[in-house]
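Undergrad: Below is one structure. I have some questions about it.
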Amino acid sequence: MLGLRAARRLALARAGLLKPEWTGLPARARGSGARARAAAHAVIRRFGYLQLDTVSIAGARSHVLVLLARLEGLDPALGEALLAPGEPLFEYWGHEASWIPLELYPALGWRRRAFRDHPWWGDVMGRYPKETRELRARIRAEGALRSIDMEGRGSRGWWDLKAARKVAAALWSSGELAIAERRHFQRSFDLTERVIPEPVRGQRMSKARAFEVLLLRSLSGHGWASASTLAATFRLRRQGPEIRSALERLRRRGEIEAVALEHPEGRPTPGWIRPADRELAERLSSVRPRADRGVLLSPFDPLLWDRARVQRLFGFDQVLEIFKPAAQRVYGYYCLPVLAGERLVARVDLKAEVKSGRLRVLSRHYEGDDPPRPARPADAAAVDSALARYAEAVGLEPDLRALATGKRNT
């Protein structure tokens, strides 16, 4: 049986959100040089993916926020430019569209085969054979092609894209094309043989072995996790028998252990852990983590996307209200939770005003403030320091007046 406190601290350690002595990851990465780039890659390898997202209202997109939360001093511009020729990453469907360590390319071969028909649009290449031939020929002759440069752009968003861009997405999902790089978040499509090195591209991995590799990498980022969390990490939908078989093979080999998580008021939750992580959890259970200054987390942070897991480990209701009408939002459009030590103490909704150089606090909510009450001094200080650290990273002046009022909404 694993205690909640031990599991929570282990989750933070494996997520790279405790001291380096517990995480095995760097906590600083000054600027954008080779050391900073290597530190960013180390974070991505830990999880096996860095989820991409387009929303930048807070001053940085989610993939940059994830890195900034772990690597103090990192240049945010580096977080946008990690995918480049020669880097040990590729872009593909991981948890969602993600940057993924190159060593996992063979482990997603089964998905590329499954996506010969596009996961949303079906047999795109069959419906548009002429456009498919023309796009293949153009990229082969001209080299990498940006999506923005493709003819026939849609007028009403992704679901109205014209054939050329749909075909490019289908060829990428099936593995015939790869993303060579991103500039200003724009993808460049090229032939896979010109992007993925041949020694990696030539490796073949069975689906059974691929599931073992992906499940182990999932546990690497989580520490302890239920089977459902492990399945969701790399979106192994409708693969129950294969997942159970892979977990059992890993258990028999001693690479993982079946360990239940205690529940204060109900039945323990079955789950899995690596032996080394169980030892780490035991050590962490008796060592109190430092009272952290506070750090902002992306709503898509690897620690947060599994809402049930966050509630179980932290007692925190992680909600995303982007798709709700404004009048129905409780916390705000793009709320960033604030982590202090081992507690999620608050959430803030931010808006970057680049022209004026300000980072506005649109709303701020502390945990346990219903009914509203003055914030605990330590929690207020954590929010102040988290906001100051983030504002400095993105080069904006924090609007501390809103924080000083003690209001929940501004």
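Convention: chains lettered A, B, ... in structure tokens order; per-chain residue numbering from 1; ligands numbered from 1 as shown.
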Could you pull out all residues of region 246-277 of chain A with a DSSP call of helix (DSSP H, G or I) and give them as a list of chain:residue names?

TA: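 Assigned to helix (DSSP H, G or I), within region 246-277 of chain A: A:Ala246, A:Leu247, A:Glu248, A:Arg249, A:Leu250, A:Arg251, A:Arg252, A:Pro275, A:Ala276, A:Asp277.
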
Undergrad: Once DSSP has gone over the backbone, tell me which residues of region 30-253 of chain A are in strand (DSSP E or B), as a PyMOL selection string.

TA: chain A and resi 30-31+50-51+72-74+89-93+97-101+118+122+145-146+177-183+186-191+224-225

Undergrad: What's around region 25-38 of chain A at 8 Å? Count only C-alpha atoms, leave out sequence neighbours fewer than 2 positions away in its own chain, and write the answer as a list in words.

TA: Gly16, Lys19, Pro20, Thr23, Ala40, His41, Ala42, Val43, Arg70, Leu71, Glu72, Gly73, Leu74, Asp75, Ala77, Leu78 and Leu82 of chain A

Undergrad: Which residues are near Ser98 (chain A)? Cut-off 12 Å, only C-alpha atoms, ignore same chain within fewer than 2 positions. Put them as a VMD selection string.

TA: chain A and resid 44 47 to 54 62 to 63 82 to 83 89 to 96 100 to 102 179 233 to 235 300 302

Undergrad: Which of these residues is nearest to Gly86 (chain A), using only C-alpha atoms: A:Arg14, A:Val55, A:Glu181, A:Leu214?

TA: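 The shortest atom-to-atom distance to Gly86 (chain A) comes from A:Glu181.
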
Undergrad: For Leu219 (chain A), work out the shell of residues within 8 Å, counting only C-alpha atoms and skipping chain neighbours fewer than 6 positions away, then give it as JSON, numbers by chain.

TA: {"A": [225, 230, 272, 273, 274]}

Undergrad: Tell me which of A:Thr192, A:Ser356, A:Thr269, A:Ser147 sits closest to Asp399 (chain A), counting only C-alpha atoms.

TA: A:Ser356
